[in-house]
Structure formats: C-alpha cells, structure tokens
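Colleague: Input run27.cif, format and content: mmCIF, C-alpha atoms.
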data_structure
loop_
_atom_site.label_atom_id
_atom_site.label_comp_id
_atom_site.auth_asym_id
_atom_site.auth_seq_id
_atom_site.Cartn_x
_atom_site.Cartn_y
_atom_site.Cartn_z
CA MET A 2 70.72 89.81 96.06
CA ASP A 3 72.02 93.24 97.21
CA ARG A 4 72.47 92.89 100.97
CA GLU A 5 73.78 96.44 101.59
CA PRO A 6 70.38 98.14 102.30
CA LEU A 7 69.48 95.32 104.69
CA ARG A 8 72.83 95.70 106.47
CA ARG A 9 72.33 99.48 106.83
CA GLU A 10 68.81 98.98 108.22
CA ARG A 11 70.02 96.39 110.70
CA CYS A 12 72.83 98.71 111.81
CA LYS A 13 70.37 101.60 112.19
CA LYS A 14 67.95 99.52 114.22
CA SER A 15 70.70 98.14 116.44
CA ARG A 16 72.01 101.64 117.23
CA THR A 17 68.41 102.79 118.03
CA ARG A 18 67.82 99.85 120.33
CA ARG A 19 71.10 100.52 122.09
CA VAL A 20 70.25 104.19 122.74
CA GLU A 21 66.65 103.52 123.80
CA GLY A 22 67.65 100.66 126.07
CA THR A 23 70.22 102.84 127.79
CA LEU A 24 67.93 105.84 128.26
CA ILE A 25 64.72 104.04 129.30
CA VAL A 26 65.87 101.00 131.21
CA GLN A 27 68.63 102.32 133.41
CA ARG A 28 68.82 99.32 135.70
CA ARG A 29 69.40 97.01 132.75
CA ALA A 30 72.11 99.13 131.13
CA VAL A 31 74.77 96.46 131.02
CA THR A 32 72.43 93.93 129.49
CA ALA A 33 71.23 96.44 126.88
CA VAL A 34 74.76 97.41 125.82
CA MET A 35 75.81 93.79 125.51
CA ALA A 36 72.77 92.99 123.41
CA ALA A 37 73.34 95.97 121.15
CA ALA A 38 77.00 94.98 120.64
CA ALA A 39 75.93 91.49 119.65
CA LEU A 40 73.43 92.90 117.16
CA LEU A 41 76.08 95.18 115.66
CA LEU A 42 78.46 92.30 115.11
CA THR A 43 75.73 90.18 113.59
CA ALA A 44 74.76 93.00 111.19
CA GLY A 45 78.40 93.55 110.22
CA CYS A 46 78.44 97.31 110.88
CA SER A 47 81.25 99.30 112.43
CA SER A 48 80.85 101.92 115.14
CA ASP A 49 84.58 102.74 115.23
CA ASP A 50 85.17 104.80 112.10
CA GLY A 51 81.78 106.33 111.37
CA GLY A 52 81.85 104.83 107.87
CA SER A 53 79.38 102.73 105.99
CA PRO A 54 78.74 99.16 107.15
CA GLY A 55 81.56 96.84 106.23
CA GLY A 56 83.62 99.69 104.72
CA GLY A 57 86.00 102.37 105.84
CA LYS A 58 89.10 101.32 107.74
CA SER A 59 88.30 97.73 108.45
CA GLY A 60 90.01 94.99 106.44
CA THR A 61 93.22 95.13 104.40
CA SER A 62 94.00 96.33 100.90
CA SER A 63 96.31 94.89 98.24
CA ASN A 64 98.72 97.76 98.98
CA ALA A 65 99.08 96.92 102.67
CA ASP A 66 102.55 96.61 104.13
CA PRO A 67 103.07 92.83 104.35
CA GLY A 68 104.73 93.30 107.71
CA SER A 69 101.96 95.33 109.31
CA SER A 70 98.52 94.55 110.72
CA PRO A 71 95.32 96.37 109.61
CA THR A 72 95.10 98.20 112.93
CA ARG A 73 98.76 99.12 113.23
CA LYS A 74 99.19 102.67 114.50
CA ALA A 75 101.64 105.16 113.03
CA ALA A 76 105.16 104.48 114.20
CA GLU A 77 106.37 106.54 117.11
CA THR A 78 109.33 108.83 116.53
CA PRO A 79 112.46 106.85 117.46
CA PRO A 80 115.00 108.17 119.96
CA ALA A 81 117.65 110.57 118.67
CA GLN A 82 120.44 108.11 119.48
CA GLY A 83 120.46 104.47 118.39
CA SER A 84 122.79 101.51 118.55
CA VAL A 85 124.35 98.88 116.29
CA LYS A 86 125.71 95.50 117.28
CA VAL A 87 127.24 93.01 114.84
CA VAL A 88 125.75 89.73 116.00
CA ARG A 89 127.76 87.46 113.72
CA THR A 90 129.40 86.99 110.36
CA VAL A 91 126.98 84.92 108.26
CA ALA A 92 129.28 84.20 105.31
CA GLU A 93 132.77 85.01 104.05
CA GLY A 94 134.72 84.72 100.82
CA LEU A 95 132.21 86.40 98.51
CA ASP A 96 133.41 88.06 95.31
CA THR A 97 131.98 91.50 94.48
CA PRO A 98 128.61 90.92 96.22
CA TRP A 99 125.97 93.43 95.15
CA GLY A 100 122.31 92.35 95.36
CA LEU A 101 120.89 90.48 98.35
CA ALA A 102 117.47 88.82 98.50
CA PRO A 103 116.27 86.93 101.60
CA LEU A 104 114.41 83.69 100.87
CA PRO A 105 111.30 82.68 102.84
CA ASP A 106 113.22 79.99 104.75
CA GLY A 107 115.88 82.41 106.02
CA ASP A 108 118.56 81.69 103.43
CA LEU A 109 119.92 84.47 101.20
CA LEU A 110 120.50 84.93 97.50
CA VAL A 111 123.50 87.12 96.66
CA SER A 112 124.67 88.32 93.26
CA SER A 113 128.30 88.71 92.20
CA ARG A 114 128.63 91.85 90.11
CA ASP A 115 131.79 90.76 88.27
CA ASP A 116 131.26 86.98 88.11
CA ALA A 117 127.61 87.34 87.02
CA THR A 118 126.62 84.49 89.35
CA ILE A 119 123.89 84.10 91.95
CA THR A 120 124.76 82.14 95.11
CA ARG A 121 122.53 80.81 97.84
CA VAL A 122 123.88 81.34 101.36
CA ASP A 123 122.56 79.23 104.23
CA GLY A 124 121.30 81.73 106.80
CA GLU A 125 122.49 79.58 109.71
CA THR A 126 125.73 77.93 108.58
CA GLY A 127 126.89 80.32 105.85
CA LYS A 128 127.30 77.44 103.39
CA LYS A 129 127.40 78.74 99.81
CA THR A 130 125.73 77.01 96.86
CA GLU A 131 126.03 78.53 93.41
CA LEU A 132 122.74 78.59 91.51
CA GLY A 133 124.35 79.45 88.21
CA GLU A 134 125.72 82.19 85.99
CA VAL A 135 123.35 84.70 84.43
CA PRO A 136 123.94 84.81 80.66
CA GLY A 137 124.19 88.14 78.86
CA VAL A 138 125.91 90.07 81.66
CA SER A 139 128.78 92.32 80.55
CA PRO A 140 130.67 93.45 83.67
CA ALA A 141 132.80 96.59 83.40
CA GLY A 142 133.49 99.44 85.77
CA GLU A 143 130.45 99.91 88.00
CA GLY A 144 128.30 97.69 85.78
CA GLY A 145 127.56 93.96 85.93
CA LEU A 146 125.06 91.78 87.76
CA MET A 147 123.58 94.01 90.41
CA GLY A 148 120.18 94.12 92.14
CA LEU A 149 118.09 91.07 93.02
CA ALA A 150 114.44 90.77 94.04
CA LEU A 151 112.02 87.91 94.58
CA SER A 152 108.66 87.87 92.84
CA PRO A 153 105.80 88.92 95.15
CA ASP A 154 104.35 85.51 94.23
CA TYR A 155 107.62 83.67 94.79
CA ALA A 156 105.97 80.91 96.82
CA SER A 157 104.09 79.80 93.72
CA ASP A 158 106.15 81.02 90.72
CA HIS A 159 109.77 80.80 92.08
CA MET A 160 110.83 83.78 89.99
CA VAL A 161 114.00 85.74 90.75
CA TYR A 162 114.41 89.22 89.22
CA ALA A 163 117.81 90.73 88.43
CA TYR A 164 119.12 94.07 87.14
CA PHE A 165 122.26 93.83 85.03
CA THR A 166 124.48 95.53 82.48
CA SER A 167 124.52 93.91 79.05
CA ALA A 168 126.71 94.71 76.06
CA SER A 169 124.24 97.41 74.97
CA ASP A 170 122.24 98.61 77.98
CA ASN A 171 121.09 98.01 81.53
CA ARG A 172 118.05 95.74 81.77
CA ILE A 173 115.82 93.80 84.12
CA VAL A 174 115.22 90.08 83.68
CA ARG A 175 113.44 87.34 85.59
CA MET A 176 114.48 83.72 85.92
CA LEU A 177 112.91 80.56 87.26
CA TYR A 178 114.82 79.20 90.25
CA ASP A 179 114.54 75.40 90.34
CA GLU A 180 116.06 74.04 93.55
CA GLN A 181 115.69 70.46 92.30
CA ARG A 182 118.25 70.91 89.55
CA PRO A 183 121.99 70.35 90.13
CA SER A 184 124.04 73.11 91.72
CA GLY A 185 125.24 75.56 89.09
CA ASP A 186 122.28 74.79 86.81
CA GLN A 187 119.32 75.95 88.88
CA LEU A 188 118.50 79.15 86.99
CA GLY A 189 116.22 79.15 83.98
CA ALA A 190 116.91 81.25 80.90
CA PRO A 191 116.50 84.99 81.59
CA ASP A 192 113.28 86.55 80.38
CA THR A 193 113.95 90.23 79.65
CA ILE A 194 111.04 92.29 80.98
CA PHE A 195 112.55 95.78 80.60
CA LYS A 196 115.54 97.02 78.59
CA GLY A 197 117.08 100.16 77.18
CA ILE A 198 118.23 101.73 80.45
CA PRO A 199 121.36 103.75 79.56
CA LYS A 200 124.66 102.07 80.49
CA GLY A 201 128.08 103.50 81.18
CA TYR A 202 131.35 102.73 82.89
CA ILE A 203 129.88 104.60 85.86
CA HIS A 204 126.41 105.41 87.24
CA ASN A 205 124.44 102.34 86.22
CA GLY A 206 122.07 102.42 89.21
CA GLY A 207 121.05 98.81 89.78
CA ARG A 208 118.79 98.51 92.82
CA ILE A 209 115.42 96.79 92.34
CA ALA A 210 112.72 96.04 94.89
CA PHE A 211 109.04 95.13 94.96
CA GLY A 212 107.03 97.70 96.88
CA PRO A 213 104.06 97.18 99.20
CA ASP A 214 101.87 97.63 96.10
CA LYS A 215 103.56 94.58 94.49
CA MET A 216 104.99 96.77 91.74
CA LEU A 217 108.68 96.60 90.78
CA TYR A 218 110.78 99.70 91.48
CA ALA A 219 114.20 100.24 89.92
CA GLY A 220 116.85 102.87 90.65
CA THR A 221 118.83 103.93 87.58
CA GLY A 222 121.82 106.17 86.92
CA GLU A 223 122.49 108.75 84.24
CA SER A 224 125.53 106.72 83.04
CA GLY A 225 127.72 109.82 83.13
CA ASP A 226 125.46 111.78 80.76
CA THR A 227 124.08 114.32 83.22
CA GLY A 228 121.48 115.69 80.82
CA LEU A 229 119.48 112.45 80.89
CA SER A 230 118.30 113.00 84.47
CA GLN A 231 115.96 115.87 83.52
CA LYS A 232 114.62 114.21 80.37
CA LYS A 233 111.35 112.50 81.19
CA ASP A 234 111.56 110.42 78.01
CA SER A 235 114.83 108.83 79.18
CA THR A 236 115.06 106.06 81.77
CA GLY A 237 118.48 107.27 82.94
CA GLY A 238 118.70 109.04 86.31
CA LYS A 239 115.25 107.90 87.39
CA ILE A 240 113.24 105.71 89.72
CA LEU A 241 111.10 103.44 87.56
CA ARG A 242 107.85 101.73 88.59
CA LEU A 243 106.84 98.63 86.64
CA THR A 244 104.39 95.77 86.74
CA PRO A 245 105.95 92.34 87.38
CA GLU A 246 105.74 91.84 83.59
CA GLY A 247 107.78 95.00 82.92
CA GLU A 248 105.02 97.36 81.76
CA PRO A 249 104.56 100.91 83.11
CA ALA A 250 102.66 100.43 86.36
CA PRO A 251 99.05 101.66 86.69
CA GLY A 252 98.89 105.06 88.38
CA ASN A 253 102.34 106.23 87.31
CA PRO A 254 102.60 110.04 87.19
CA PHE A 255 103.38 110.31 83.46
CA PRO A 256 101.12 108.66 80.85
CA ASP A 257 102.43 105.39 79.37
CA SER A 258 105.78 105.90 81.11
CA ALA A 259 107.70 103.77 83.57
CA VAL A 260 109.20 106.92 85.14
CA TYR A 261 108.12 107.45 88.75
CA SER A 262 110.55 110.23 89.74
CA TYR A 263 113.38 112.01 87.96
CA GLY A 264 116.31 114.38 88.43
CA HIS A 265 118.46 111.67 90.06
CA ARG A 266 122.19 111.11 89.56
CA ASN A 267 122.67 107.46 90.55
CA VAL A 268 120.04 105.73 92.70
CA GLN A 269 121.26 102.63 94.55
CA GLY A 270 119.04 102.50 97.63
CA LEU A 271 115.27 101.88 97.85
CA ALA A 272 113.20 101.22 100.99
CA TRP A 273 109.70 101.72 102.40
CA ASP A 274 108.76 102.64 105.94
CA SER A 275 105.90 101.10 107.94
CA GLN A 276 103.48 103.60 106.39
CA GLN A 277 104.41 102.56 102.82
CA ARG A 278 106.40 105.73 102.08
CA LEU A 279 109.30 105.33 99.66
CA PHE A 280 112.84 106.53 100.39
CA ALA A 281 115.87 106.48 98.09
CA ALA A 282 119.61 107.09 98.43
CA GLU A 283 121.81 108.42 95.64
CA PHE A 284 125.35 109.48 94.95
CA GLY A 285 126.21 113.14 94.66
CA GLN A 286 129.11 114.40 92.59
CA ASP A 287 131.65 116.41 94.56
CA THR A 288 129.68 117.88 97.43
CA TRP A 289 126.50 116.17 98.67
CA ASP A 290 125.16 112.63 98.78
CA GLU A 291 121.42 112.41 99.42
CA LEU A 292 118.63 110.51 101.15
CA ASN A 293 115.29 111.49 99.64
CA ALA A 294 111.62 110.93 100.42
CA ILE A 295 110.17 110.07 97.01
CA LYS A 296 106.97 111.59 95.64
CA PRO A 297 105.35 110.43 92.37
CA GLY A 298 106.43 112.73 89.56
CA GLY A 299 108.93 114.53 91.79
CA ASN A 300 112.01 116.26 90.36
CA TYR A 301 115.06 115.78 92.60
CA GLY A 302 117.24 118.35 90.92
CA TRP A 303 120.25 116.72 89.28
CA PRO A 304 122.20 118.18 87.51
CA GLU A 305 120.70 121.60 88.24
CA VAL A 306 121.27 121.27 91.97
CA GLU A 307 123.25 118.95 94.24
CA GLY A 308 121.92 118.58 97.77
CA LYS A 309 119.56 121.16 99.24
CA SER A 310 118.61 124.33 97.36
CA ASP A 311 116.21 127.27 97.58
CA ASP A 312 114.58 126.39 94.27
CA SER A 313 111.03 125.16 94.91
CA ALA A 314 110.99 123.32 91.57
CA TYR A 315 113.11 120.57 93.15
CA HIS A 316 112.55 118.34 96.15
CA ASN A 317 115.20 118.78 98.82
CA PRO A 318 116.79 115.70 100.44
CA LEU A 319 115.74 114.91 103.99
CA ALA A 320 119.41 114.33 104.80
CA GLN A 321 122.69 114.97 103.01
CA TRP A 322 126.34 114.08 103.54
CA GLY A 323 129.72 115.03 102.22
CA THR A 324 130.76 112.47 99.62
CA ASP A 325 133.75 111.31 101.70
CA ASP A 326 131.37 110.39 104.52
CA ALA A 327 128.82 108.39 102.59
CA SER A 328 128.76 107.46 98.88
CA PRO A 329 125.55 105.61 99.70
CA SER A 330 124.39 102.33 98.24
CA GLY A 331 121.67 100.18 99.82
CA ILE A 332 119.17 101.36 102.43
CA ALA A 333 116.71 99.56 104.70
CA TYR A 334 113.99 100.59 107.15
CA ALA A 335 113.94 99.18 110.70
CA GLU A 336 113.08 100.41 114.19
CA GLY A 337 111.74 103.75 112.94
CA SER A 338 114.91 104.69 111.06
CA VAL A 339 116.43 104.42 107.61
CA TRP A 340 119.76 102.58 107.66
CA MET A 341 122.13 103.53 104.85
CA ALA A 342 125.26 101.64 103.80
CA GLY A 343 128.24 103.82 102.85
CA LEU A 344 130.90 102.77 100.34
CA LYS A 345 133.59 105.45 100.44
CA GLY A 346 132.34 106.47 103.88
CA GLN A 347 132.82 102.89 105.18
CA ARG A 348 130.06 103.22 107.74
CA LEU A 349 126.41 102.47 108.42
CA TRP A 350 124.29 105.57 108.81
CA ARG A 351 121.15 105.76 110.94
CA VAL A 352 118.55 108.40 110.05
CA PRO A 353 115.65 108.49 112.56
CA LEU A 354 112.38 109.55 110.95
CA ASN A 355 109.37 111.62 111.85
CA GLY A 356 107.18 111.04 108.82
CA THR A 357 109.27 112.01 105.80
CA GLU A 358 111.63 114.22 107.77
CA ALA A 359 114.70 113.38 109.81
CA SER A 360 113.80 113.65 113.49
CA ALA A 361 117.45 114.00 114.59
CA ASP A 362 120.90 114.27 113.07
CA PRO A 363 122.18 111.17 111.23
CA GLN A 364 124.35 108.90 113.35
CA ALA A 365 127.28 106.83 112.04
CA PHE A 366 128.25 103.30 113.10
CA LEU A 367 130.92 100.74 112.20
CA GLU A 368 133.16 103.47 110.81
CA GLY A 369 136.09 101.78 109.07
CA GLU A 370 135.56 98.48 110.91
CA TYR A 371 134.47 96.41 107.90
CA GLY A 372 135.53 98.63 105.02
CA ARG A 373 133.11 99.53 102.24
CA LEU A 374 129.46 98.67 102.89
CA ARG A 375 127.24 97.96 99.89
CA THR A 376 123.82 96.47 100.63
CA VAL A 377 121.56 96.44 103.68
CA VAL A 378 118.19 94.66 103.87
CA PRO A 379 115.74 93.96 106.71
CA ALA A 380 116.19 90.63 108.48
CA GLY A 381 113.04 90.93 110.60
CA GLY A 382 112.40 92.93 113.76
CA ASP A 383 115.51 94.77 114.90
CA LYS A 384 117.89 92.81 112.64
CA LEU A 385 119.54 93.67 109.32
CA TRP A 386 121.64 91.82 106.76
CA LEU A 387 124.65 93.90 105.71
CA THR A 388 127.20 93.16 102.97
CA THR A 389 130.72 94.51 102.58
CA SER A 390 132.15 95.57 99.20
CA ASN A 391 135.93 95.43 99.44
CA THR A 392 136.57 93.25 96.37
CA ASP A 393 134.92 95.70 93.95
CA GLY A 394 138.20 97.25 92.78
CA ARG A 395 137.97 100.27 95.05
CA GLY A 396 138.39 98.64 98.45
CA SER A 397 141.26 97.06 100.35
CA PRO A 398 140.24 93.42 100.84
CA LYS A 399 141.19 91.63 104.06
CA ASP A 400 141.17 87.93 104.79
CA GLY A 401 137.57 86.72 104.60
CA ASP A 402 136.28 89.55 102.39
CA ASP A 403 133.65 90.00 101.24
CA ARG A 404 131.18 89.20 104.02
CA ILE A 405 127.54 89.14 104.97
CA LEU A 406 126.93 90.37 108.53
CA GLU A 407 123.90 90.01 110.78
CA VAL A 408 123.38 93.28 112.63
CA GLN A 409 121.08 94.21 115.54
CA VAL A 410 119.92 97.83 115.59
CA SER A 411 117.88 100.23 117.66
#
Show the structure stored in the file as structure tokens.
Modeller:
Amino acid sequence: MDREPLRRERCKKSRTRRVEGTLIVQRRAVTAVMAAAALLLTAGCSSDDGGSPGGGKSGTSSNADPGSSPTRKAAETPPAQGSVKVVRTVAEGLDTPWGLAPLPDGDLLVSSRDDATITRVDGETGKKTELGEVPGVSPAGEGGLMGLALSPDYASDHMVYAYFTSASDNRIVRMLYDEQRPSGDQLGAPDTIFKGIPKGYIHNGGRIAFGPDKMLYAGTGESGDTGLSQKKDSTGGKILRLTPEGEPAPGNPFPDSAVYSYGHRNVQGLAWDSQQRLFAAEFGQDTWDELNAIKPGGNYGWPEVEGKSDDSAYHNPLAQWGTDDASPSGIAYAEGSVWMAGLKGQRLWRVPLNGTEASADPQAFLEGEYGRLRTVVPAGGDKLWLTTSNTDGRGSPKDGDDRILEVQVS
C-alpha cells in the first residue's frame, strides 16, 4: 500500500491543528504546540527543511562521509596558524615504506616498495609482523609496491588493495588477508582488477584510496612521457575512479572510461575533506609542485602549464611550492586543513581551507627533523600517522629509519 498520500494528509492536518490551536486558544498555547509536535512525529513529516514528508535532508546517503553525522554543519575556517607535535615513534626499522592503511583495531598495514612485502604494525607496541610478499612486483627506480587501501567492506571480505609496478605496467590488485594463517603466508593470491597503467623508471603515481562514495580512486603518473597526461584515452597522468571490481565507476565524466581528471604529472596524494571534496597533490618538474581541488573531468594543465596560469582551460592549484620545498607525496585532511608530506622538502605542510581555497598561506613543520616524509593518513580526531622515506635511495638514513610517527595537529 502506498502510504505517501496518507503521510502528506496527516502532516497537513497536524500543521493546521497547530496553527488553529495557537490562534484560537491562546491560554492553551503550550499544550497545543506540544500536541502538534507529537502529531508531526507520529506522521513522520519534517518541518525543518520545507521538503516532502520523510525526504529532503533527513537521513544519510550511501555517499556520506563515514566520519560525519547527518546533521554535521560545514566546517569552520581554521585559524591561519596551526601546530604540530610528534607524540611518539610508533615503529622503526622499516625498509622503503610507501603505502599505509590503518586497520579497524588500530594496527597499521605498511607496504615496502622495494621488498614487495606488506607488514602489520601493532599500533601500540610497534611490533612488526610480515603478512607476506606480493608476487608479480618488479621494483625499479620509483616503481614497486606502493599504495594500499582496505576494502570498504573489509569487516566482511578482508580484502586489501595494492597498487604496484609489474614487469609490463602499473596495476591494481586485491588480496584476501587471512590473519589465521602463519606469518609470512597471510596474503591470498593477487586478483588483478585494473592493469595497463603506463610504467617508467620515474612517475609511476601509486596512491589509492576509497572515497566517501565507496569507489576506488588511483593517482597515476605519466611515466616520463609527458604527452600522456593530455590524452584522455591513456591512464597515465590521471586520477582514476573505479568500482571495487575495477570497472569504470558510475557517473564518471567520460563515457566508459576510468578517467576522473587529467593533465596531471605524477599524483601521489589523495584526500577528502569533511564535505566530501577531493584534493590531490602532485610533483611539478622544475618550478612548481601543486595541491589541487579536483573536479570531475577537470584538466590540470600538465605539460602545457606548471603551477598557476592565466589560461582558463586549466584548473589552477589552490597552493603551489617550489620543488625544493615540497616534492609532495601523501596528503591527509584533519582539523580543517590539508596536511601534505614533503620528500625533497623534508617537511610537513599545513594548508588551511575555506571550501576549496586556501584560507591562509601554507605553514611548514618538522623541517629537516625526520628527513624525507612520504605518507600521511588520518589517525582520528587531531592525530595523523606519518611515515619517513629515507631508505628509498634518495635519503640519508639514520639509525632507526624508516619510521612511523604519531602526530598531533591543530
């Protein structure tokens, strides 16, 4: 039976009774209002948004930010100046750490780019347990086992996604993680869900993340072939948007294509703010590194422009840096700001946001204190997980490198 007409009639009658009771029986106003409110709740209508009964803004959608409530208000603009405090070193002695994926119980999965292994790190003690080696990885230069992400249904399917360089391409696979198996043999055989991403000695991209819409996003590089970035039929120099099975996601801007945005040089940072807006960091060439607010179908300029330009055909970055100061890799959103890890810059950048614009100048922290910084992910509230990258062939490792740090930010 269609209950919607009955619900509308009940809402209409309840509003009428409320108005008449208030106008005619002044001395019983409180009683009338309370009665009307009870009738409204019983009928299931909403007087807050002016929409149809049971519709409008009430309830949640499948695209809702998993960390937000249905009534969460837009985030306030953060202060111009923030702070960073390293709370503790979570783990030491990691070899070429690249991807980092927090588990539901607070432990962390970390990938080794050059060893092609995934290790579980106890979030409290730092104890390391190797899950296993990922077959098919062909490490060389900037390529190897890179980004990690947990399935949006990890609680039931225990699937771990990984982006890696093979002998022929860059690809995305998923593997069953079975904690009951012996250490070193806990990963199932990789199931390739997407392949054919151009590979090179440089610019392999590598960051993957599931968005608030439960679709899989991947940042790729142009592998040193700059012309690929502007070719919509190439997956090089792009942000891709896929279903968990590796198909082009519904609603993508180009028909039957995994491409979500293009004109990128080498995307290694992906993050969403509290309003589900996507941001991405990428390496420039000689002049400008970039932090961009990503729009579906947007062209971000490479190789026609680097950094900001006056050409309206390309989206300008919301912030840019000289390459010596950044060389950005991972990014994370926390406390109203995007936090960006710098490799060559050896610092953690804070970019406070007002919507999709920077609300103040970027602010640098930890400059030179821990060397190259690779990956940063939210750890809940005002905390971040941050990895160093000093054993990647371009850093100067110290005793204990590489590390995972727990950082408190504001």
Colleague: List the spatial neighbours of stretch 167-175 of chain A as a ChimeraX atom specification - criterion: any atom at most 7 Å away, only C-alpha atoms, same-chain residues fewer than 5 positions off excluded.
Modeller: /A:137-139,160-162,191-200
Colleague: Which of these, A:Asp158, A:Glu336, A:Asp400, A:Asp362, has the shortest distance to A:Thr78 once you count all atoms listed in the file?
Modeller: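 That would be A:Glu336, the residue with the smallest distance to A:Thr78.
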Colleague: Find the spatial neighbours of A:Thr126, counting all atoms listed in the file, within a cut-off of 10 Å - ignore same-chain residues fewer than 3 positions away - and output them as a list in words.
Modeller: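 After dropping sequence-adjacent residues, the list is Thr90, Val91, Ala92, Asp108, Val122, Asp123 and Lys129 of chain A.
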Colleague: As an exercise, work out the distance from atom CA of A:Arg266 to atom CA of A:Gln286 in Å and give it to one decimal place.
Modeller: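 Distance reported for this atom pair: 8.2 Å.
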Colleague: Given the choices A:Pro304, A:Gly206, A:Ala281, A:Ala141, which gets closest to A:Gly228 if the distance is worked out from all atoms listed in the file?
Modeller: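 Under the stated criterion, the closest residue is A:Pro304.
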Colleague: I'd like the neighbourhood of A:Val268 as a compact mmCIF listing (two decimals) with C-alpha atoms, in the frame of the given file, where a residue qualifies if any of its atoms comes within 6 Å (using only C-alpha atoms), though same-chain residues fewer than 3 positions away should be ignored.
Modeller:
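Generated file (result.txt):
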# COMPACT_ATOMS: atom_id res chain seq x y z
CA GLY A 206 122.07 102.42 89.21
CA GLY A 220 116.85 102.87 90.65
CA THR A 221 118.83 103.93 87.58
CA ALA A 282 119.61 107.09 98.43
CA GLU A 283 121.81 108.42 95.64
Colleague: Which value, in Å to one decimal, gives the distance between atom CA of A:Ala333 and atom CA of A:Ser262?
Modeller: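 Result for atom CA of A:Ala333 versus atom CA of A:Ser262: 19.4 Å, one decimal.
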Colleague: Using all atoms listed in the file, which of the listed residues (A:Ser230, A:Ser157, A:Thr166, A:Ser313) sits closest to A:Gly145?
Modeller: A:Thr166
Colleague: If I take atom CA of A:Ile332 and atom CA of A:Asp115, how far is one from the other in Å, to one decimal?
Modeller: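 For atom CA of A:Ile332 relative to atom CA of A:Asp115, the distance reads 21.7 Å.
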Colleague: Evaluate the PyMOL selection byres ((chain A and resi 363) around 6) on the structure here and hand back the selected residues as an NGL selection string.
Modeller: :A and (351-352 or 362 or 364)
Colleague: Name the residues that the PyMOL selection byres ((chain A and resi 254) around 6) pulls out of this structure, and write them as a list in words.
Modeller: Asn253, Phe255, Pro297 and Gly298 of chain A
Colleague: Hey, which bits of stretch 58-156 of chain A sit within 9 Å of stretch 365-368 of chain A, and for each residue what's the closest pair of atoms and how far apart in Å (one decimal), counting only C-alpha atoms, rows by chain and increasing number, as CSV?
Modeller:
residue,atom,partner,partner_atom,distance
A:Ser84,CA,A:Phe366,CA,7.9
A:Val85,CA,A:Phe366,CA,6.7
A:Lys86,CA,A:Leu367,CA,9.0
A:Val87,CA,A:Leu367,CA,9.0
Colleague: Since the input is missing atoms for stretch 390-396 of chain A, could you rebuild it with all heavy atoms and give the result as a tab-separated table (two decimals), in the frame of the given file?
Modeller:
chain	number	residue	atom	x	y	z
A	390	SER	N	131.83	95.45	100.63
A	390	SER	CA	132.15	95.57	99.20
A	390	SER	C	133.60	95.99	99.04
A	390	SER	O	133.91	97.04	98.48
A	390	SER	CB	131.21	96.59	98.54
A	390	SER	OG	131.35	96.58	97.15
A	391	ASN	N	134.50	95.12	99.50
A	391	ASN	CA	135.93	95.43	99.44
A	391	ASN	C	136.65	94.79	98.27
A	391	ASN	O	137.82	95.08	98.03
A	391	ASN	CB	136.59	95.01	100.76
A	391	ASN	CG	136.05	95.79	101.94
A	391	ASN	OD1	135.96	97.01	101.89
A	391	ASN	ND2	135.65	95.09	103.00
A	392	THR	N	135.96	93.91	97.52
A	392	THR	CA	136.57	93.25	96.37
A	392	THR	C	136.06	93.86	95.06
A	392	THR	O	136.19	93.24	94.00
A	392	THR	CB	136.26	91.74	96.39
A	392	THR	OG1	134.84	91.54	96.39
A	392	THR	CG2	136.85	91.08	97.63
A	393	ASP	N	135.53	95.08	95.12
A	393	ASP	CA	134.92	95.70	93.95
A	393	ASP	C	135.90	96.55	93.15
A	393	ASP	O	135.51	97.27	92.24
A	393	ASP	CB	133.72	96.55	94.35
A	393	ASP	CG	134.08	97.72	95.25
A	393	ASP	OD1	135.26	97.85	95.64
A	393	ASP	OD2	133.17	98.52	95.57
A	394	GLY	N	137.19	96.48	93.49
A	394	GLY	CA	138.20	97.25	92.78
A	394	GLY	C	138.51	98.58	93.40
A	394	GLY	O	139.48	99.23	93.01
A	395	ARG	N	137.74	98.99	94.39
A	395	ARG	CA	137.97	100.27	95.05
A	395	ARG	C	138.24	100.11	96.54
A	395	ARG	O	138.50	101.11	97.21
A	395	ARG	CB	136.78	101.20	94.83
A	395	ARG	CG	136.58	101.57	93.37
A	395	ARG	CD	135.44	102.53	93.17
A	395	ARG	NE	135.32	102.92	91.78
A	395	ARG	CZ	134.38	103.73	91.28
A	395	ARG	NH1	133.46	104.24	92.11
A	395	ARG	NH2	134.34	104.03	90.00
A	396	GLY	N	138.14	98.88	97.03
A	396	GLY	CA	138.39	98.64	98.45
A	396	GLY	C	139.75	98.02	98.68
A	396	GLY	O	140.54	97.81	97.76
